[in-house]
>>> print(open('query09.txt').read())   # compact mmCIF, C-alpha atoms (C1' of nucleotides)
# COMPACT_ATOMS: atom_id res chain seq x y z
CA MET A 1 134.99 -6.73 -49.79
CA PHE A 2 132.84 -4.60 -52.02
CA GLN A 3 134.34 -3.93 -55.40
CA GLY A 4 133.19 -3.33 -58.93
CA GLU A 5 130.67 -1.03 -60.52
CA TYR A 6 127.09 -1.98 -61.37
CA THR A 7 124.26 -0.09 -62.96
CA ASN A 8 120.67 -0.82 -61.94
CA ASN A 9 117.42 1.01 -62.48
CA MET A 10 115.28 2.46 -59.75
CA ASP A 11 111.59 1.75 -60.35
CA ASP A 12 108.68 4.14 -59.94
CA LYS A 13 108.27 3.19 -56.30
CA GLY A 14 111.84 4.18 -55.48
CA ARG A 15 113.24 0.69 -55.16
CA VAL A 16 116.64 -0.38 -56.49
CA ASN A 17 118.21 -3.75 -56.64
CA ILE A 18 121.42 -4.22 -54.68
CA PRO A 19 123.86 -5.97 -57.03
CA ALA A 20 123.94 -9.67 -56.33
CA SER A 21 127.66 -9.67 -55.65
CA PHE A 22 127.24 -7.05 -52.91
CA ARG A 23 124.44 -9.01 -51.32
CA GLU A 24 126.69 -12.02 -51.31
CA VAL A 25 129.41 -10.10 -49.48
CA LEU A 26 126.87 -8.97 -46.91
CA LEU A 27 125.79 -12.51 -46.25
CA LYS A 28 129.20 -14.17 -46.37
CA ASN A 29 131.38 -11.59 -44.63
CA TYR A 30 128.82 -9.96 -42.37
CA ASP A 31 126.14 -12.60 -41.76
CA ASP A 32 123.52 -9.91 -42.17
CA PRO A 33 121.82 -8.78 -45.39
CA SER A 34 120.77 -5.40 -44.02
CA ILE A 35 122.59 -2.14 -44.63
CA VAL A 36 122.62 1.41 -43.30
CA VAL A 37 122.34 4.07 -45.98
CA THR A 38 123.36 7.71 -45.40
CA ARG A 39 124.44 10.83 -47.14
CA ASP A 40 128.09 10.95 -48.00
CA PRO A 41 129.18 14.40 -46.80
CA TYR A 42 132.08 14.66 -49.23
CA ALA A 43 130.36 13.86 -52.50
CA PRO A 44 126.81 13.98 -53.86
CA CYS A 45 126.19 10.29 -53.37
CA LEU A 46 124.89 7.88 -50.77
CA ARG A 47 127.00 5.49 -48.77
CA ALA A 48 125.90 2.06 -47.62
CA TYR A 49 127.42 0.40 -44.57
CA PRO A 50 127.08 -3.16 -43.42
CA GLN A 51 125.67 -3.09 -39.88
CA ARG A 52 128.98 -3.93 -38.29
CA GLU A 53 130.86 -1.18 -40.13
CA TRP A 54 128.19 1.33 -39.22
CA LYS A 55 128.46 0.47 -35.53
CA ARG A 56 132.19 0.80 -35.73
CA LEU A 57 131.76 4.29 -37.11
CA LEU A 58 129.25 5.21 -34.42
CA THR A 59 131.53 4.17 -31.58
CA LYS A 60 134.21 6.41 -33.06
CA VAL A 61 131.73 9.28 -33.13
CA LEU A 62 130.47 8.67 -29.60
CA ALA A 63 134.01 8.60 -28.26
CA ARG A 64 134.36 12.24 -29.23
CA SER A 65 133.03 15.05 -27.13
CA SER A 66 129.39 15.50 -27.97
CA ASN A 67 129.51 19.26 -28.11
CA ASP A 68 132.36 19.33 -30.56
CA ARG A 69 130.98 21.35 -33.46
CA ALA A 70 132.22 18.90 -36.02
CA VAL A 71 130.56 16.05 -34.19
CA ILE A 72 127.28 17.92 -34.12
CA ALA A 73 127.54 18.65 -37.81
CA PHE A 74 128.38 15.05 -38.48
CA LYS A 75 125.37 13.87 -36.55
CA ARG A 76 123.13 16.28 -38.39
CA THR A 77 124.22 15.30 -41.85
CA VAL A 78 125.21 11.69 -41.58
CA VAL A 79 123.51 10.17 -38.56
CA SER A 80 120.32 12.05 -39.24
CA SER A 81 119.89 10.47 -42.60
CA ALA A 82 121.07 7.03 -41.61
CA GLN A 83 118.43 4.44 -41.97
CA GLU A 84 118.56 0.71 -41.80
CA TYR A 85 117.21 -1.26 -44.71
CA ALA A 86 116.67 -4.92 -45.12
CA PRO A 87 116.43 -5.89 -48.77
CA ASP A 88 113.16 -7.49 -49.82
CA LYS A 89 112.95 -10.97 -51.22
CA GLN A 90 114.18 -9.74 -54.60
CA GLY A 91 117.18 -8.00 -53.06
CA ARG A 92 115.88 -4.46 -53.38
CA VAL A 93 115.78 -1.56 -50.96
CA LEU A 94 113.56 1.50 -50.95
CA ILE A 95 115.55 4.73 -51.03
CA PRO A 96 113.54 7.48 -49.32
CA GLN A 97 112.84 10.75 -51.03
CA ASN A 98 115.25 12.89 -49.03
CA LEU A 99 118.20 10.68 -49.88
CA ARG A 100 117.14 10.43 -53.51
CA ASP A 101 117.11 14.21 -53.63
CA TYR A 102 120.52 14.50 -52.06
CA ALA A 103 122.18 12.21 -54.57
CA ASN A 104 120.02 13.35 -57.46
CA ILE A 105 118.91 9.83 -58.19
CA SER A 106 115.95 9.50 -60.50
CA LYS A 107 116.32 6.26 -62.39
CA GLY A 108 119.77 5.16 -63.56
CA THR A 109 121.68 4.18 -60.42
CA VAL A 110 125.29 3.12 -60.08
CA PHE A 111 126.62 0.96 -57.26
CA VAL A 112 130.32 1.43 -56.64
CA GLY A 113 132.28 -0.88 -54.39
CA SER A 114 134.53 0.85 -51.85
CA LEU A 115 135.96 -2.09 -49.86
CA ASP A 116 134.12 -2.05 -46.53
CA THR A 117 131.28 0.16 -47.79
CA PHE A 118 129.76 0.94 -51.14
CA GLU A 119 128.49 4.08 -52.80
CA ILE A 120 125.22 4.73 -54.61
CA TRP A 121 125.29 7.31 -57.40
CA ASP A 122 123.04 8.77 -59.98
CA VAL A 123 124.43 7.58 -63.29
CA SER A 124 125.25 10.98 -64.76
CA ALA A 125 126.69 12.31 -61.48
CA TRP A 126 128.87 9.22 -61.41
CA GLU A 127 130.15 9.78 -64.90
CA ALA A 128 131.10 13.34 -64.05
CA GLN A 129 132.78 12.25 -60.84
CA LEU A 130 134.67 9.53 -62.63
CA ALA A 131 136.02 11.92 -65.24
CA SER A 132 137.27 14.38 -62.67
CA SER A 133 138.78 11.65 -60.47
CA LEU A 134 140.62 10.38 -63.49
CA SER A 135 142.15 13.66 -64.42
CA LEU A 136 143.08 14.29 -60.78
CA LEU A 137 144.90 10.97 -60.64
CA GLN A 138 146.76 11.65 -63.84
CA ASP A 139 148.15 14.85 -62.43
CA MET A 140 149.24 13.27 -59.20
CA ASP A 141 151.29 10.39 -60.39
CA LEU A 142 150.81 7.97 -57.52
CA ASP A 143 153.16 5.09 -57.96
CA PHE A 144 150.72 2.21 -57.56
CA MET B 145 119.35 4.60 -31.14
CA PHE B 146 117.51 7.34 -32.94
CA GLN B 147 118.64 7.75 -36.52
CA GLY B 148 117.11 8.78 -39.80
CA GLU B 149 115.19 11.81 -40.94
CA TYR B 150 111.41 11.95 -41.26
CA THR B 151 109.03 14.66 -42.38
CA ASN B 152 105.57 14.84 -40.84
CA ASN B 153 102.90 17.50 -40.86
CA MET B 154 101.62 19.28 -37.81
CA ASP B 155 97.84 19.61 -37.88
CA ASP B 156 95.76 22.65 -37.02
CA LYS B 157 95.58 21.60 -33.40
CA GLY B 158 99.36 21.56 -33.05
CA ARG B 159 99.80 17.81 -33.02
CA VAL B 160 102.57 15.97 -34.85
CA ASN B 161 103.13 12.32 -35.34
CA ILE B 162 106.32 10.90 -33.85
CA PRO B 163 107.85 8.71 -36.57
CA ALA B 164 107.01 5.08 -35.97
CA SER B 165 110.65 4.05 -35.84
CA PHE B 166 111.35 6.52 -33.02
CA ARG B 167 108.37 5.29 -31.06
CA GLU B 168 109.71 1.81 -31.45
CA VAL B 169 113.08 2.81 -30.03
CA LEU B 170 111.34 4.42 -27.07
CA LEU B 171 109.45 1.25 -26.33
CA LYS B 172 112.21 -1.23 -27.01
CA ASN B 173 115.24 0.56 -25.60
CA TYR B 174 113.60 2.67 -22.92
CA ASP B 175 110.42 0.79 -21.98
CA ASP B 176 108.58 4.09 -21.91
CA PRO B 177 106.81 5.83 -24.78
CA SER B 178 106.94 9.28 -23.20
CA ILE B 179 109.47 11.97 -24.00
CA VAL B 180 110.67 15.27 -22.59
CA VAL B 181 110.71 18.09 -25.11
CA THR B 182 112.73 21.27 -24.63
CA ARG B 183 114.34 24.11 -26.46
CA ASP B 184 117.71 23.28 -27.92
CA PRO B 185 119.93 26.16 -26.81
CA TYR B 186 122.40 25.75 -29.66
CA ALA B 187 120.08 25.71 -32.65
CA PRO B 188 116.57 26.89 -33.45
CA CYS B 189 115.01 23.51 -32.91
CA LEU B 190 113.46 21.39 -30.19
CA ARG B 191 115.12 18.40 -28.60
CA ALA B 192 113.30 15.34 -27.36
CA TYR B 193 114.76 13.12 -24.65
CA PRO B 194 113.65 9.71 -23.53
CA GLN B 195 112.89 9.93 -19.81
CA ARG B 196 116.08 8.16 -18.82
CA GLU B 197 118.31 10.42 -20.92
CA TRP B 198 116.61 13.49 -19.51
CA LYS B 199 117.27 12.35 -15.96
CA ARG B 200 120.87 11.67 -16.84
CA LEU B 201 121.21 15.22 -18.11
CA LEU B 202 119.59 16.64 -14.98
CA THR B 203 121.98 14.84 -12.65
CA LYS B 204 124.86 16.33 -14.61
CA VAL B 205 123.35 19.78 -14.20
CA LEU B 206 122.68 19.32 -10.49
CA ALA B 207 126.24 18.24 -9.90
CA ARG B 208 127.39 21.70 -10.91
CA SER B 209 127.40 24.63 -8.58
CA SER B 210 123.96 26.17 -8.69
CA ASN B 211 125.19 29.74 -8.92
CA ASP B 212 127.35 29.02 -11.92
CA ARG B 213 126.07 31.52 -14.47
CA ALA B 214 125.95 28.96 -17.23
CA VAL B 215 123.89 26.65 -15.07
CA ILE B 216 121.44 29.39 -14.32
CA ALA B 217 121.13 30.22 -17.99
CA PHE B 218 120.68 26.57 -18.79
CA LYS B 219 117.92 26.22 -16.27
CA ARG B 220 116.17 29.28 -17.61
CA THR B 221 116.18 28.19 -21.22
CA VAL B 222 116.14 24.46 -21.20
CA VAL B 223 114.75 23.24 -17.93
CA SER B 224 112.04 25.87 -17.89
CA SER B 225 110.63 24.69 -21.18
CA ALA B 226 110.98 21.01 -20.50
CA GLN B 227 107.73 19.18 -20.45
CA GLU B 228 106.82 15.55 -20.50
CA TYR B 229 104.60 14.21 -23.26
CA ALA B 230 102.99 10.88 -23.75
CA PRO B 231 101.97 10.21 -27.34
CA ASP B 232 98.29 9.59 -27.96
CA LYS B 233 96.95 6.40 -29.42
CA GLN B 234 97.99 7.47 -32.92
CA GLY B 235 101.50 8.27 -31.77
CA ARG B 236 101.16 12.04 -31.79
CA VAL B 237 102.20 14.69 -29.29
CA LEU B 238 100.91 18.20 -28.90
CA ILE B 239 103.67 20.79 -29.16
CA PRO B 240 102.76 23.85 -27.08
CA GLN B 241 102.71 27.28 -28.60
CA ASN B 242 105.86 28.62 -26.91
CA LEU B 243 107.97 25.77 -28.22
CA ARG B 244 106.41 26.02 -31.67
CA ASP B 245 107.36 29.68 -31.70
CA TYR B 246 110.91 28.96 -30.63
CA ALA B 247 111.52 26.50 -33.44
CA ASN B 248 109.39 28.36 -35.94
CA ILE B 249 107.27 25.31 -36.59
CA SER B 250 104.07 25.94 -38.46
CA LYS B 251 103.27 22.84 -40.46
CA GLY B 252 106.08 20.92 -42.17
CA THR B 253 108.05 19.31 -39.37
CA VAL B 254 111.25 17.28 -39.59
CA PHE B 255 112.30 14.68 -37.03
CA VAL B 256 116.04 14.15 -36.97
CA GLY B 257 117.62 11.23 -35.15
CA SER B 258 120.63 12.11 -33.03
CA LEU B 259 121.45 8.79 -31.34
CA ASP B 260 120.24 9.14 -27.74
CA THR B 261 117.91 12.07 -28.47
CA PHE B 262 116.16 13.46 -31.49
CA GLU B 263 115.57 16.94 -32.84
CA ILE B 264 112.38 18.54 -34.12
CA TRP B 265 112.76 21.18 -36.83
CA ASP B 266 110.69 23.34 -39.06
CA VAL B 267 111.25 22.01 -42.54
CA SER B 268 112.80 25.12 -44.06
CA ALA B 269 114.97 25.81 -41.00
CA TRP B 270 116.18 22.23 -41.29
CA GLU B 271 117.12 22.59 -44.92
CA ALA B 272 119.18 25.66 -44.15
CA GLN B 273 120.85 23.93 -41.21
CA LEU B 274 121.66 20.88 -43.30
CA ALA B 275 123.31 22.92 -46.00
CA SER B 276 125.51 24.75 -43.53
CA SER B 277 126.41 21.58 -41.63
CA LEU B 278 127.48 20.04 -44.89
CA SER B 279 129.79 22.84 -45.85
CA LEU B 280 131.20 22.91 -42.32
CA LEU B 281 132.01 19.21 -42.52
CA GLN B 282 133.67 19.53 -45.88
CA ASP B 283 136.06 22.10 -44.52
CA MET B 284 136.91 20.20 -41.38
CA ASP B 285 138.03 16.87 -42.71
CA LEU B 286 137.05 14.58 -39.87
CA ASP B 287 138.67 11.22 -40.16
CA PHE B 288 135.61 9.10 -39.59
C1' DC C 289 119.36 -25.10 -76.02
C1' DG C 290 117.30 -25.93 -71.32
C1' DG C 291 117.98 -24.39 -66.61
C1' DT C 292 119.29 -21.22 -63.26
C1' DT C 293 119.96 -16.69 -61.42
C1' DA C 294 119.72 -11.57 -61.66
C1' DG C 295 116.89 -7.86 -62.43
C1' DT C 296 112.17 -5.61 -63.20
C1' DG C 297 107.18 -4.61 -62.80
C1' DG C 298 103.03 -4.58 -60.43
C1' DG C 299 98.92 -6.06 -56.98
C1' DT C 300 97.47 -6.11 -52.34
C1' DA C 301 97.16 -6.20 -47.34
C1' DA C 302 99.00 -4.01 -43.41
C1' DA C 303 100.95 -0.09 -41.23
C1' DA C 304 101.83 4.74 -40.80
C1' DG C 305 100.15 9.15 -41.02
C1' DT C 306 96.22 12.61 -41.11
C1' DG C 307 91.79 14.94 -40.07
C1' DG C 308 88.12 15.96 -37.23
C1' DG C 309 84.15 15.26 -33.53
C1' DT C 310 83.16 15.10 -28.70
C1' DA C 311 83.43 14.69 -23.71
C1' DG C 312 85.71 16.27 -19.77
C1' DC C 313 88.76 19.17 -17.60
C1' DT C 314 90.64 23.74 -16.53
C1' DT C 315 90.38 28.58 -16.53
C1' DA C 316 88.02 32.92 -17.06
C1' DT C 317 83.86 35.82 -16.26
C1' DT C 318 80.04 37.61 -14.17
C1' DA D 319 79.36 29.83 -6.98
C1' DA D 320 77.50 29.17 -11.50
C1' DT D 321 78.10 29.52 -16.19
C1' DA D 322 80.69 30.11 -20.31
C1' DA D 323 84.80 29.52 -23.06
C1' DG D 324 88.80 27.27 -24.33
C1' DC D 325 91.84 23.66 -24.36
C1' DT D 326 93.19 18.91 -24.47
C1' DA D 327 92.82 13.90 -24.51
C1' DC D 328 90.52 10.36 -26.48
C1' DC D 329 88.17 8.11 -30.04
C1' DC D 330 86.85 6.93 -34.78
C1' DA D 331 87.36 7.15 -39.76
C1' DC D 332 89.93 8.03 -43.79
C1' DT D 333 94.14 8.45 -46.96
C1' DT D 334 98.71 7.44 -48.13
C1' DT D 335 102.70 4.81 -47.94
C1' DT D 336 105.28 0.76 -47.44
C1' DA D 337 106.34 -4.22 -47.10
C1' DC D 338 105.49 -8.38 -48.92
C1' DC D 339 104.35 -11.53 -52.39
C1' DC D 340 103.96 -13.35 -57.10
C1' DA D 341 104.98 -13.32 -61.91
C1' DC D 342 107.62 -12.10 -65.93
C1' DT D 343 111.81 -11.04 -68.74
C1' DA D 344 116.64 -11.00 -69.69
C1' DA D 345 121.19 -12.57 -69.04
C1' DC D 346 124.39 -16.14 -67.98
C1' DC D 347 126.14 -20.98 -67.79
C1' DG D 348 126.47 -25.56 -68.35
>>> encode(input="query09.txt", output="structure tokens")
Amino acid sequence: MFQGEYTNNMDDKGRVNIPASFREVLLKNYDDPSIVVTRDPYAPCLRAYPQREWKRLLTKVLARSSNDRAVIAFKRTVVSSAQEYAPDKQGRVLIPQNLRDYANISKGTVFVGSLDTFEIWDVSAWEAQLASSLSLLQDMDLDF
Amino acid sequence: MFQGEYTNNMDDKGRVNIPASFREVLLKNYDDPSIVVTRDPYAPCLRAYPQREWKRLLTKVLARSSNDRAVIAFKRTVVSSAQEYAPDKQGRVLIPQNLRDYANISKGTVFVGSLDTFEIWDVSAWEAQLASSLSLLQDMDLDF
DNA sequence: CGGTTAGTGGGTAAAAGTGGGTAGCTTATT
DNA sequence: AATAAGCTACCCACTTTTACCCACTAACCG
């Protein structure tokens, strides 16, 4: 399971290192180092799926009527941008320009574990998000 | 499965390069590099079908009563414009003028994977579409 | 302190994408 | 029917991008 928060730097070529602990989860729990990266439609960040989780999501999508407007919109935003990446020998992946733009990633990059997926944020966007999530939680008083 | 988003430029002769990863899907999953390109009736873009998917669609159309008004309209818009294209040695296809006009494609061209087909957009039309799909999704709250 | 592992930077060969010339076909014109 | 004009497919050459490899630094751990 992906958990924890790690900050890595994207280099000039657009490559970022996947945190070692996430790579380990991919290998141990999923037997496959490659991931699918897409836009997250609900926040300005990217979401990375292990292959198996991505396929699970796709079967759910395909089960729905294909001319459902929401399904079309989902395909356009999420499936469209989905691309499979195998990390290089150093454990890095190349994030393409369109996804970098979407998540506003320039250099400082934050990897955030989210159990069966993980998120990729620009560092300042992440800080903003974190602050607002915190204050939201404080108002809601969940009894965890 | 076609997924991912790629931007290529159409040259002065009207040729665009099919992204390498899509060509690979055509060869690997469909054993046939050629595609059928038509108008997409629901959005100002073109839709490319692998031969097999196109035939599947046609059998569905033929199963319907041929004087169904929707079927007639479908034939007029989609079937009429459907044409088969085999990429040249460099992996490019020539998009004819009438289809270019329909999708407003002049130079910057975006290829958008949509699982068993892919879409071809003008770059600025695509950006507009993406933005509206995003806001649609945020309102709808799909539980994917 | 040495050794190991994570993270970073950069060179280079291959692949993907782009531009343009030319021959051959189709279509138009006299 | 012959010639001209335009289009298209094919070929070759060039540029850009990406994948892969190697080397270095910094952090962690015994």
>>> interface_residues(input="query09.txt", of="chain B", to="chain D", cutoff="12 Å", atoms="all atoms listed in the file", output="list in words")
Lys157, Gly158, Arg159, Tyr229, Ala230, Pro231, Asp232, Lys233, Gln234, Arg236, Val237, Leu238, Ile239 and Pro240 of chain B
>>> interface_residues(input="query09.txt", of="chain B", to="chain C", cutoff="10 Å", atoms="all atoms listed in the file", output="PyMOL selection string")
chain B and resi 152-156+160-164+234-236
>>> residues_around(input="query09.txt", residues="Pro41 (chain A)", least_positions_apart="4", cutoff="10 Å", atoms="only C-alpha atoms (C1' of nucleotides)", output="number ranges by chain")
A: 45-47, 74, 77-78; B: 277-282
>>> atom_distance(input="query09.txt", atom1="CA of Val181 (chain B)", atom2="CA of Ala226 (chain B)")
5.5 Å
>>> atom_distance(input="query09.txt", atom1="CA of Phe166 (chain B)", atom2="CA of Ala192 (chain B)")
10.7 Å
